[in-house]
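File shown: final.csv (CSV, C-alpha atoms and all ligand atoms).
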```csv
chain,number,residue,atom,x,y,z
A,1,MET,CA,0.0,0.0,0.0
A,2,LEU,CA,1.8,3.1,1.1
A,3,ILE,CA,5.2,1.5,0.4
A,4,HIS,CA,4.2,0.3,-3.0
A,5,SER,CA,5.0,2.6,-5.8
A,6,ARG,CA,3.0,0.8,-8.4
A,7,ASN,CA,0.3,-1.8,-8.7
A,8,ASP,CA,0.7,-5.2,-7.1
A,9,GLY,CA,2.4,-8.2,-8.5
A,10,PHE,CA,5.8,-6.7,-9.4
A,11,ASN,CA,7.6,-7.4,-6.2
A,12,HIS,CA,6.9,-11.0,-5.1
A,13,PRO,CA,5.9,-14.2,-6.8
A,14,VAL,CA,2.6,-15.5,-5.4
A,15,PRO,CA,2.6,-19.0,-3.9
A,16,SER,CA,0.7,-20.4,-6.8
A,17,GLU,CA,3.6,-19.4,-9.0
A,18,ILE,CA,6.2,-21.2,-7.0
A,19,THR,CA,4.1,-24.3,-6.2
A,20,PRO,CA,5.4,-27.2,-8.2
A,21,ARG,CA,3.2,-27.7,-11.3
A,22,GLY,CA,2.5,-31.3,-10.5
A,23,ALA,CA,0.6,-30.4,-7.3
A,24,TYR,CA,-1.7,-28.1,-9.2
A,25,GLU,CA,-2.3,-30.6,-12.0
A,26,ASN,CA,-3.2,-33.3,-9.6
A,27,ARG,CA,-5.8,-31.2,-8.0
A,28,ARG,CA,-7.2,-30.2,-11.4
A,29,ASP,CA,-7.4,-33.8,-12.4
A,30,MET,CA,-9.3,-34.6,-9.2
A,31,LEU,CA,-11.7,-31.8,-9.9
A,32,LYS,CA,-12.1,-33.0,-13.5
A,33,LEU,CA,-13.0,-36.4,-12.1
A,34,LEU,CA,-15.5,-34.9,-9.8
A,35,ALA,CA,-16.9,-32.9,-12.7
A,36,GLY,CA,-17.1,-35.9,-15.0
A,37,GLY,CA,-20.1,-38.1,-16.0
A,38,ALA,CA,-23.7,-37.1,-15.4
A,39,ALA,CA,-22.8,-34.9,-12.4
A,40,GLY,CA,-23.0,-31.7,-14.5
A,41,THR,CA,-21.4,-28.4,-13.9
A,42,ALA,CA,-23.6,-27.2,-11.0
A,43,LEU,CA,-23.1,-30.3,-9.0
A,44,ALA,CA,-19.4,-30.3,-9.8
A,45,SER,CA,-18.8,-26.8,-8.6
A,46,TRP,CA,-20.5,-27.7,-5.3
A,47,ALA,CA,-18.3,-30.8,-5.0
A,48,ALA,CA,-15.2,-28.8,-5.8
A,49,ARG,CA,-16.1,-26.2,-3.3
A,50,ASP,CA,-16.7,-28.8,-0.6
A,51,ALA,CA,-13.4,-30.4,-1.4
A,52,MET,CA,-11.7,-27.0,-1.1
A,53,ALA,CA,-13.5,-25.9,2.0
A,54,GLN,CA,-12.4,-29.1,3.8
A,55,THR,CA,-8.8,-28.4,3.1
A,56,GLY,CA,-7.5,-26.4,6.0
A,57,GLY,CA,-4.3,-26.0,7.9
A,58,GLY,CA,-4.8,-28.7,10.5
A,59,LEU,CA,-5.9,-26.2,13.2
A,60,ALA,CA,-8.8,-26.7,15.6
A,61,LYS,CA,-12.1,-27.3,13.7
A,62,LEU,CA,-14.7,-24.5,13.8
A,63,PRO,CA,-17.7,-25.8,12.0
A,64,GLY,CA,-20.4,-23.4,10.8
A,65,ALA,CA,-23.8,-23.9,9.4
A,66,LYS,CA,-24.4,-22.7,5.8
A,67,SER,CA,-25.3,-19.1,6.1
A,68,ALA,CA,-28.8,-17.9,4.9
A,69,VAL,CA,-27.7,-14.3,4.6
A,70,ALA,CA,-28.1,-12.9,1.1
A,71,GLY,CA,-24.8,-12.7,-0.7
A,72,ALA,CA,-23.0,-14.9,1.7
A,73,GLN,CA,-22.6,-17.9,-0.6
A,74,SER,CA,-20.4,-16.9,-3.5
A,75,MET,CA,-20.4,-19.6,-6.2
A,76,GLU,CA,-16.9,-18.9,-7.2
A,77,LYS,CA,-14.1,-21.4,-6.5
A,78,ALA,CA,-12.5,-20.8,-3.1
A,79,THR,CA,-8.8,-19.8,-3.1
A,80,GLU,CA,-6.6,-22.6,-2.0
A,81,TYR,CA,-5.9,-22.5,1.7
A,82,LYS,CA,-2.2,-22.4,1.1
A,83,ASP,CA,-2.5,-19.3,-1.0
A,84,ALA,CA,-4.9,-17.6,1.4
A,85,THR,CA,-2.6,-18.1,4.3
A,86,THR,CA,0.8,-17.4,2.7
A,87,TYR,CA,0.0,-14.2,0.8
A,88,ASN,CA,-1.2,-11.8,3.4
A,89,ASN,CA,-1.3,-8.2,4.5
A,90,PHE,CA,-0.7,-7.9,8.3
A,91,TYR,CA,1.9,-5.2,8.6
A,92,GLU,CA,2.4,-5.8,12.4
A,93,PHE,CA,4.3,-8.8,11.2
A,94,GLY,CA,6.1,-7.3,8.2
A,95,THR,CA,5.3,-5.7,4.9
A,96,ASP,CA,6.2,-8.6,2.6
A,97,LYS,CA,3.3,-10.8,1.6
A,98,ALA,CA,5.1,-13.8,3.0
A,99,ASP,CA,6.0,-12.2,6.3
A,100,PRO,CA,2.8,-12.8,8.3
A,101,ALA,CA,2.9,-16.5,7.7
A,102,LYS,CA,6.6,-16.6,8.7
A,103,ASN,CA,6.3,-14.2,11.7
A,104,ALA,CA,2.9,-14.4,13.2
A,105,GLY,CA,3.7,-17.6,15.2
A,106,THR,CA,4.6,-15.3,18.1
A,107,LEU,CA,1.1,-14.0,18.4
A,108,LYS,CA,-0.6,-15.2,21.6
A,109,THR,CA,-4.3,-15.7,21.0
A,110,ARG,CA,-5.2,-17.1,24.5
A,111,PRO,CA,-6.2,-15.7,26.8
A,112,TRP,CA,-7.8,-13.0,24.6
A,113,THR,CA,-10.3,-10.3,25.7
A,114,VAL,CA,-12.1,-7.8,23.6
A,115,GLU,CA,-13.0,-4.6,25.2
A,116,VAL,CA,-16.4,-3.0,24.2
A,117,GLU,CA,-16.4,0.7,25.1
A,118,GLY,CA,-17.7,4.1,24.3
A,119,LEU,CA,-21.4,5.0,23.7
A,120,VAL,CA,-22.8,1.7,24.7
A,121,LYS,CA,-25.2,0.5,27.5
A,122,LYS,CA,-23.3,-2.7,28.2
A,123,PRO,CA,-19.5,-1.9,28.0
A,124,GLY,CA,-17.1,-4.4,29.3
A,125,LYS,CA,-14.4,-7.0,28.6
A,126,TYR,CA,-15.6,-10.0,26.7
A,127,GLY,CA,-13.6,-13.2,26.7
A,128,ILE,CA,-12.9,-14.8,23.3
A,129,GLU,CA,-14.6,-18.1,24.3
A,130,ASP,CA,-17.8,-16.3,25.2
A,131,LEU,CA,-17.6,-14.3,21.9
A,132,ILE,CA,-17.3,-17.5,19.9
A,133,LYS,CA,-20.5,-18.8,21.6
A,134,LEU,CA,-22.4,-15.6,21.5
A,135,SER,CA,-24.2,-16.6,18.3
A,136,ALA,CA,-24.3,-19.6,15.9
A,137,GLN,CA,-21.2,-19.9,13.7
A,138,GLU,CA,-22.0,-19.7,9.9
A,139,ASP,CA,-20.0,-20.5,6.8
A,140,ARG,CA,-19.8,-17.6,4.4
A,141,ILE,CA,-17.9,-17.5,1.2
A,142,TYR,CA,-16.8,-14.0,0.4
A,143,ARG,CA,-14.7,-12.3,-2.2
A,144,LEU,CA,-11.8,-10.3,-0.7
A,145,ARG,CA,-10.5,-7.4,-2.8
A,146,CYS,CA,-7.3,-5.7,-1.7
A,147,VAL,CA,-6.9,-2.1,-2.7
A,148,GLU,CA,-3.6,-3.1,-4.3
A,149,GLY,CA,-5.4,-4.9,-7.1
A,150,TRP,CA,-5.6,-8.6,-6.1
A,151,SER,CA,-8.4,-10.7,-4.9
A,152,MET,CA,-9.3,-14.0,-3.3
A,153,VAL,CA,-12.4,-16.0,-2.4
A,154,ILE,CA,-12.4,-17.1,1.2
A,155,PRO,CA,-14.8,-19.4,3.1
A,156,TRP,CA,-14.9,-17.7,6.5
A,157,VAL,CA,-16.6,-18.8,9.7
A,158,GLY,CA,-18.3,-16.4,12.0
A,159,TYR,CA,-21.6,-14.5,12.5
A,160,SER,CA,-23.0,-11.1,11.7
A,161,LEU,CA,-21.3,-8.4,13.8
A,162,ALA,CA,-24.9,-7.1,14.3
A,163,GLU,CA,-25.5,-10.0,16.7
A,164,LEU,CA,-22.8,-8.6,19.1
A,165,ILE,CA,-23.9,-5.0,18.5
A,166,LYS,CA,-27.5,-5.8,19.5
A,167,LYS,CA,-26.3,-7.5,22.7
A,168,VAL,CA,-24.2,-4.6,23.9
A,169,GLU,CA,-26.9,-2.0,23.1
A,170,PRO,CA,-25.3,1.1,21.6
A,171,GLN,CA,-26.7,4.4,22.8
A,172,GLY,CA,-28.7,6.6,20.4
A,173,ASN,CA,-25.7,9.0,19.7
A,174,ALA,CA,-23.4,6.1,18.6
A,175,LYS,CA,-23.0,6.8,14.9
A,176,PHE,CA,-19.8,4.9,14.1
A,177,VAL,CA,-17.9,1.8,15.3
A,178,GLU,CA,-14.2,1.7,15.7
A,179,PHE,CA,-12.1,-1.4,15.6
A,180,VAL,CA,-8.7,-1.5,17.3
A,181,THR,CA,-6.1,-4.2,16.6
A,182,LEU,CA,-3.6,-5.6,19.1
A,183,ALA,CA,-0.3,-3.6,19.0
A,184,ASP,CA,2.1,-5.6,21.1
A,185,PRO,CA,5.7,-4.8,20.3
A,186,LYS,CA,6.8,-7.9,22.1
A,187,THR,CA,5.0,-10.3,19.8
A,188,MET,CA,4.6,-8.1,16.7
A,189,PRO,CA,8.0,-7.2,15.3
A,190,PHE,CA,6.9,-4.3,13.1
A,191,VAL,CA,4.8,-2.5,15.7
A,192,GLY,CA,8.0,-0.6,16.5
A,193,SER,CA,8.3,0.5,12.8
A,194,ARG,CA,7.0,3.8,11.5
A,195,VAL,CA,5.1,2.2,8.6
A,196,LEU,CA,1.8,3.0,10.3
A,197,ASP,CA,0.7,4.8,13.4
A,198,TRP,CA,-0.1,1.8,15.6
A,199,PRO,CA,-2.4,0.4,16.7
A,200,TYR,CA,-4.1,-0.4,13.4
A,201,VAL,CA,-7.5,1.2,13.6
A,202,GLU,CA,-10.4,0.8,11.3
A,203,GLY,CA,-14.1,1.9,11.4
A,204,LEU,CA,-17.5,1.6,10.0
A,205,ARG,CA,-20.7,3.7,10.0
A,206,MET,CA,-23.3,2.2,12.3
A,207,ASP,CA,-25.5,1.0,9.4
A,208,GLU,CA,-22.5,-0.6,7.7
A,209,ALA,CA,-21.5,-2.3,10.9
A,210,MET,CA,-25.1,-3.6,11.4
A,211,HIS,CA,-25.4,-4.9,7.8
A,212,PRO,CA,-25.8,-8.7,8.0
A,213,LEU,CA,-22.9,-9.2,5.5
A,214,THR,CA,-20.4,-7.6,8.0
A,215,LEU,CA,-18.9,-10.6,9.6
A,216,LEU,CA,-17.3,-11.0,13.0
A,217,THR,CA,-14.9,-13.7,12.0
A,218,PHE,CA,-13.3,-16.5,14.0
A,219,GLY,CA,-12.4,-19.1,11.4
A,220,MET,CA,-11.8,-20.0,7.8
A,221,TYR,CA,-12.0,-23.2,5.8
A,222,GLY,CA,-13.9,-24.8,8.7
A,223,GLU,CA,-11.1,-24.2,11.2
A,224,VAL,CA,-10.1,-21.4,13.6
A,225,LEU,CA,-8.2,-18.5,12.0
A,226,PRO,CA,-4.5,-19.0,11.6
A,227,ASN,CA,-2.5,-16.2,13.3
A,228,GLN,CA,-1.5,-14.5,10.0
A,229,SER,CA,-5.2,-14.2,9.0
A,230,GLY,CA,-6.1,-12.3,12.1
A,231,ALA,CA,-6.6,-14.8,14.9
A,232,PRO,CA,-8.5,-15.1,17.2
A,233,MET,CA,-11.1,-12.6,15.9
A,234,ARG,CA,-11.2,-10.2,13.0
A,235,ILE,CA,-13.8,-8.3,11.0
A,236,VAL,CA,-14.6,-9.0,7.3
A,237,VAL,CA,-16.5,-6.4,5.3
A,238,PRO,CA,-16.7,-8.0,1.8
A,239,TRP,CA,-17.9,-4.9,-0.2
A,240,LYS,CA,-14.9,-2.8,1.0
A,241,TYR,CA,-11.2,-2.9,0.2
A,242,GLY,CA,-9.5,-5.4,2.4
A,243,PHE,CA,-7.8,-2.9,4.7
A,244,LYS,CA,-11.2,-2.1,6.2
A,245,SER,CA,-11.2,-5.7,7.6
A,246,GLY,CA,-9.1,-5.3,10.7
A,247,LYS,CA,-7.3,-8.4,12.1
A,248,SER,CA,-6.8,-9.6,15.7
A,249,ILE,CA,-9.2,-7.1,17.2
A,250,VAL,CA,-8.9,-6.1,20.9
A,251,LYS,CA,-11.3,-3.2,21.1
A,252,ILE,CA,-14.7,-2.3,19.7
A,253,ARG,CA,-15.5,1.3,20.4
A,254,PHE,CA,-18.9,3.1,19.8
A,255,VAL,CA,-18.4,6.7,18.9
A,256,GLU,CA,-20.3,9.7,17.6
A,257,LYS,CA,-17.7,11.0,15.1
A,258,GLU,CA,-16.2,9.3,12.1
A,259,PRO,CA,-13.1,7.6,13.5
A,260,SER,CA,-9.6,8.4,12.3
A,261,THR,CA,-8.3,5.2,10.7
A,262,ALA,CA,-4.7,4.0,10.3
A,263,TRP,CA,-4.5,4.1,6.5
A,264,ASN,CA,-6.5,7.3,6.2
A,265,LYS,CA,-4.0,8.9,8.6
A,266,ALA,CA,-1.1,7.6,6.6
A,267,ALA,CA,-2.4,8.8,3.2
A,268,ALA,CA,-5.8,10.5,3.3
A,269,ASN,CA,-5.8,11.2,-0.5
A,270,GLU,CA,-5.3,7.5,-1.2
A,271,TYR,CA,-7.4,5.7,1.5
A,272,GLY,CA,-10.8,7.2,2.3
A,273,PHE,CA,-13.0,6.3,5.2
A,274,TYR,CA,-15.6,4.5,3.1
A,275,SER,CA,-13.2,2.6,0.7
A,276,ASN,CA,-16.0,0.7,-1.0
A,277,VAL,CA,-14.7,-1.4,-3.8
A,278,ASN,CA,-15.4,0.8,-6.9
A,279,PRO,CA,-14.0,0.1,-10.4
A,280,ASN,CA,-14.9,3.6,-11.4
A,281,VAL,CA,-12.9,5.4,-8.8
A,282,ASP,CA,-9.2,4.9,-9.3
A,283,HIS,CA,-6.5,4.9,-6.6
A,284,PRO,CA,-4.4,8.1,-7.3
A,285,ARG,CA,-1.5,5.8,-8.4
A,286,TRP,CA,-3.3,3.0,-10.2
A,287,SER,CA,-6.6,1.9,-11.8
A,288,GLN,CA,-9.1,-0.1,-9.8
A,289,ALA,CA,-11.0,-1.3,-12.9
A,290,THR,CA,-9.5,-4.8,-12.8
A,291,GLU,CA,-8.0,-7.3,-10.4
A,292,ARG,CA,-5.7,-10.3,-10.3
A,293,ARG,CA,-7.3,-13.4,-8.7
A,294,ILE,CA,-4.7,-15.1,-6.5
A,295,GLY,CA,-4.4,-18.7,-7.8
A,296,ASP,CA,-5.4,-17.9,-11.4
A,297,GLY,CA,-1.8,-18.7,-12.4
A,298,GLY,CA,0.2,-17.1,-15.1
A,299,GLY,CA,1.9,-14.7,-12.8
A,300,LEU,CA,2.1,-11.2,-14.0
A,301,PHE,CA,0.6,-12.1,-17.4
A,302,ALA,CA,-2.5,-13.8,-15.9
A,303,LYS,CA,-5.7,-12.4,-17.4
A,304,ARG,CA,-7.1,-9.8,-15.0
A,305,ARG,CA,-10.7,-9.9,-14.0
A,306,LYS,CA,-13.1,-6.9,-14.1
A,307,THR,CA,-13.6,-5.5,-10.6
A,308,GLU,CA,-17.3,-5.2,-9.7
A,309,MET,CA,-19.1,-2.4,-8.0
A,310,PHE,CA,-19.1,-3.0,-4.3
A,311,ASN,CA,-17.1,-6.1,-5.0
A,312,GLY,CA,-20.2,-7.8,-6.4
A,313,TYR,CA,-22.4,-7.0,-3.4
A,314,GLU,CA,-24.2,-4.0,-4.8
A,315,ALA,CA,-27.7,-5.7,-4.6
A,316,GLN,CA,-27.1,-6.1,-0.9
A,317,VAL,CA,-25.4,-2.9,0.1
A,318,GLY,CA,-26.0,-0.3,-2.6
A,319,GLN,CA,-28.9,1.2,-0.6
A,320,LEU,CA,-26.5,2.2,2.2
A,321,TYR,CA,-25.0,4.8,-0.1
A,322,ALA,CA,-28.1,6.1,-1.9
A,323,GLY,CA,-27.6,9.8,-2.7
A,324,MET,CA,-23.9,9.8,-1.7
A,325,ASP,CA,-21.2,11.0,-4.1
A,326,LEU,CA,-19.0,8.0,-4.2
A,327,LYS,CA,-16.2,9.9,-5.9
A,328,LYS,CA,-16.0,12.3,-3.0
A,329,ASN,CA,-16.7,9.7,-0.4
A,330,TYR,CA,-14.0,7.3,-1.7
A,401,LIG,N1,-4.3,-5.5,12.0
A,401,LIG,C1,-4.2,-5.5,10.6
A,401,LIG,N2,-5.3,-5.8,9.9
A,401,LIG,C2,-5.3,-5.8,8.6
A,401,LIG,C3,-4.1,-5.5,7.9
A,401,LIG,C4,-3.0,-5.1,8.6
A,401,LIG,O1,-1.9,-4.8,8.1
A,401,LIG,N3,-3.1,-5.1,10.0
A,401,LIG,N4,-4.1,-5.5,6.5
A,401,LIG,C5,-5.4,-5.3,5.8
A,401,LIG,C6,-5.3,-5.5,4.4
A,401,LIG,S1,-4.5,-4.3,3.4
A,401,LIG,C7,-5.9,-6.6,3.8
A,401,LIG,S2,-6.0,-6.7,2.1
A,401,LIG,C8,-6.5,-7.7,4.6
A,401,LIG,C9,-5.9,-9.0,4.1
A,401,LIG,O2,-6.5,-10.1,4.8
A,401,LIG,P1,-5.9,-11.5,4.5
A,401,LIG,O3,-4.4,-11.5,4.7
A,401,LIG,O4,-6.6,-12.4,5.5
A,401,LIG,O5,-6.2,-11.8,3.1
A,401,LIG,O6,-6.3,-7.5,6.0
A,401,LIG,C10,-6.5,-6.2,6.4
A,401,LIG,N5,-6.4,-6.2,7.9
A,402,MO,MO,-5.3,-4.7,1.3
```

Step by step, read the file and then write its structure as C-alpha cells.
Ligand SMILES: Nc1nc2c(c(=O)[nH]1)N[C@H]1C(S)=C(S)[C@@H](COP(=O)(O)O)O[C@H]1N2
Ligand SMILES: [Mo]
Amino acid sequence: MLIHSRNDGFNHPVPSEITPRGAYENRRDMLKLLAGGAAGTALASWAARDAMAQTGGGLAKLPGAKSAVAGAQSMEKATEYKDATTYNNFYEFGTDKADPAKNAGTLKTRPWTVEVEGLVKKPGKYGIEDLIKLSAQEDRIYRLRCVEGWSMVIPWVGYSLAELIKKVEPQGNAKFVEFVTLADPKTMPFVGSRVLDWPYVEGLRMDEAMHPLTLLTFGMYGEVLPNQSGAPMRIVVPWKYGFKSGKSIVKIRFVEKEPSTAWNKAAANEYGFYSNVNPNVDHPRWSQATERRIGDGGGLFAKRRKTEMFNGYEAQVGQLYAGMDLKKNY
C-alpha cells in the first residue's frame, strides 16, 4: 500500500507461481474427475467447493452452518488454503506478503479479551470463548478485494457483527464503530516501525456495521483462523477494500464522530474512510478497474478480471450509499 510505488504483482511471486506444477495438475485432475459423468457443472462446482473448504491447515475445527444471509454464498471457487494463508497483509508482522505466515507464530491468542467501550449500554471485557459462543457460527464464502489490485475467495466462519452490537446495546448517539487491533511490540516485530501509526484502527458507519454481511470472523476453511489471517477474531467487510477488515481485534468502540483510521492517517488522499470497492474510482496511483485473482496462475501475465461495483455485493449494500457522491466519499 503506502510503500508500494505501483500496482501489485511486481515485487513477489505469489505462492501459486512457486508451487510445483504437479501439485496443481493433480488437483485439477481430481476436480475434473468430480466434474465428470452425469454430475453436470452445477453439482461439480459444489463438490469442488466442498473439497476445497475441507482443506484447511490442521488447526482446531470450527464448524459453521451454511449461512442464509443474502450474498454470503459466492459460487466462485475458493482460493486454496495455502494461497490464502501465505499471501497476506498484516503489517504488524512485516510488509512482505510472505512475512505474516513466517512471523505471526509469536502472536498469543489465548487468553484474549475484547473490550467493548464508548457509547454503549453494556460496556465491558468479553472473553474470546464467550464471543465464539455468542451466536451460531456460519459458513460464508466472500470475495476479498485488496486495494492493491488482487483478490481471493475465502470461506470464512463467523456470525454477523450485528449480533454482538445488539447484545451490547449502543446508545442513540453512537454513529460509528471503531475497531482497534492488538499492538504488542513484544510479539509483533513491526509495531516498532514507522510504517503506520499503531495500533491499526479501522471503522464503519453504524448502518454498515449492522449490515448482515459484515462478519465477526473466528475461522476460515472450517477451522479457527491461523494467526496470519487475524486470529483469534477479525472483521470482514466484503464490499470494501481489504484494509477495512481489521485483524486480531482487541477493542470495539462506539463513537459519535467518524473515527480516524490507520490508512487514512497515513495517506488521506489514497485511502478514504468509506473505501467501498469501486471500479470507477481509481486509486491516485493506479486503476481499480481490474484485479488479479490469486491462484489464477500465469503470474504477471494472468488475465485480469473486471472489478465489480461494491465487489459484487451491490444488490445487498448499494442502498446504504443512496444519494452519496462515491467519488467524493471514496
Ligand atoms: N491489523 C491489521 N489488519 C489488517 C491489515 C494489517 O496490516 N493489519 N491489512 C489489511 C489488508 S490491506 C488486507 S487486504 C486484509 C488482508 O487479509 P488476508 O491477509 O486475510 O487476506 O487484511 C487487512 N487487515
Ligand atoms: Mo489490502

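Near region 269-274 of chain A, within a cut-off of 7 Å and counting all atoms listed in the file, sit the residues Trp263, Asn264, Ala267, Asn276, His283, Pro284, Asn329 and Tyr330 of chain A, with same-chain residues fewer than 2 positions away left out.
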
Written selection (C-alpha atoms) as an mmCIF file, in the frame of the given file:
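Final output, saved to part_29.cif:
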```
data_model
loop_
_atom_site.group_PDB
_atom_site.id
_atom_site.type_symbol
_atom_site.label_atom_id
_atom_site.label_comp_id
_atom_site.auth_asym_id
_atom_site.auth_seq_id
_atom_site.Cartn_x
_atom_site.Cartn_y
_atom_site.Cartn_z
ATOM 1 C CA TRP A 263 -4.500 4.100 6.500
ATOM 2 C CA ASN A 264 -6.500 7.300 6.200
ATOM 3 C CA ALA A 267 -2.400 8.800 3.200
ATOM 4 C CA ASN A 276 -16.000 0.700 -1.000
ATOM 5 C CA HIS A 283 -6.500 4.900 -6.600
ATOM 6 C CA PRO A 284 -4.400 8.100 -7.300
ATOM 7 C CA ASN A 329 -16.700 9.700 -0.400
ATOM 8 C CA TYR A 330 -14.000 7.300 -1.700
#
```

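Neighbouring residues of ligand MO 402 (chain A) at a cut-off of 10 Å, counting all atoms listed in the file, are A:Met1, A:Asn88, A:Asn89, A:Phe90, A:Leu144, A:Arg145, A:Cys146, A:Val147, A:Glu148, A:Gly149, A:Trp150, A:Ser151, A:Lys240, A:Tyr241, A:Gly242, A:Phe243, A:Lys244, A:Ser245.
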
Region 158-166 of chain A surroundings by only C-alpha atoms, 9 Å radius, close-in-sequence under 4 positions cut, as a compact mmCIF listing (two decimals) with C-alpha atoms, in the frame of the given file:
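Output saved as part02.txt:
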```txt
# COMPACT_ATOMS: atom_id res chain seq x y z
CA GLY A 64 -20.40 -23.40 10.80
CA SER A 67 -25.30 -19.10 6.10
CA LEU A 131 -17.60 -14.30 21.90
CA ILE A 132 -17.30 -17.50 19.90
CA LEU A 134 -22.40 -15.60 21.50
CA SER A 135 -24.20 -16.60 18.30
CA ALA A 136 -24.30 -19.60 15.90
CA GLN A 137 -21.20 -19.90 13.70
CA GLU A 138 -22.00 -19.70 9.90
CA ASP A 139 -20.00 -20.50 6.80
CA ARG A 140 -19.80 -17.60 4.40
CA PRO A 170 -25.30 1.10 21.60
CA ALA A 209 -21.50 -2.30 10.90
CA MET A 210 -25.10 -3.60 11.40
CA HIS A 211 -25.40 -4.90 7.80
CA PRO A 212 -25.80 -8.70 8.00
CA LEU A 213 -22.90 -9.20 5.50
CA THR A 214 -20.40 -7.60 8.00
CA LEU A 215 -18.90 -10.60 9.60
CA LEU A 216 -17.30 -11.00 13.00
CA THR A 217 -14.90 -13.70 12.00
CA PHE A 218 -13.30 -16.50 14.00
CA GLY A 219 -12.40 -19.10 11.40
CA MET A 220 -11.80 -20.00 7.80
CA ILE A 235 -13.80 -8.30 11.00
```

Problem set entry | All residues 9 Å or closer to Val120 (chain A), only C-alpha atoms, same chain fewer than 3 positions away omitted, as an NGL selection string | :A and (116-117 or 123 or 168-172 or 174 or 253-255)

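Ranking A:Lys82, A:Lys328, A:Arg194, A:Lys251 by their shortest atom-to-atom distance to Gly124 (chain A), with only C-alpha atoms included, puts A:Lys251 first.
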
Problem set entry | Pick from A:Asn280, A:Gln228, A:Thr307, A:Ser193 nearest to ligand LIG 401 (chain A), counting all atoms listed in the file | A:Gln228

Exercise. Is there a way to get, as a list in words, all residues within 6 Å of the point (-10.1, -3.4, 13.6) in file coordinates, counting all atoms listed in the file?
Worked result: Phe179, Val180, Thr181, Val201, Glu202, Gly246, Lys247 and Ile249 of chain A

Problem set entry | Point-to-point distance from atom O3 of ligand LIG 401 (chain A) to CA of Lys125 (chain A), Å rounded to tenths | 26.3 Å
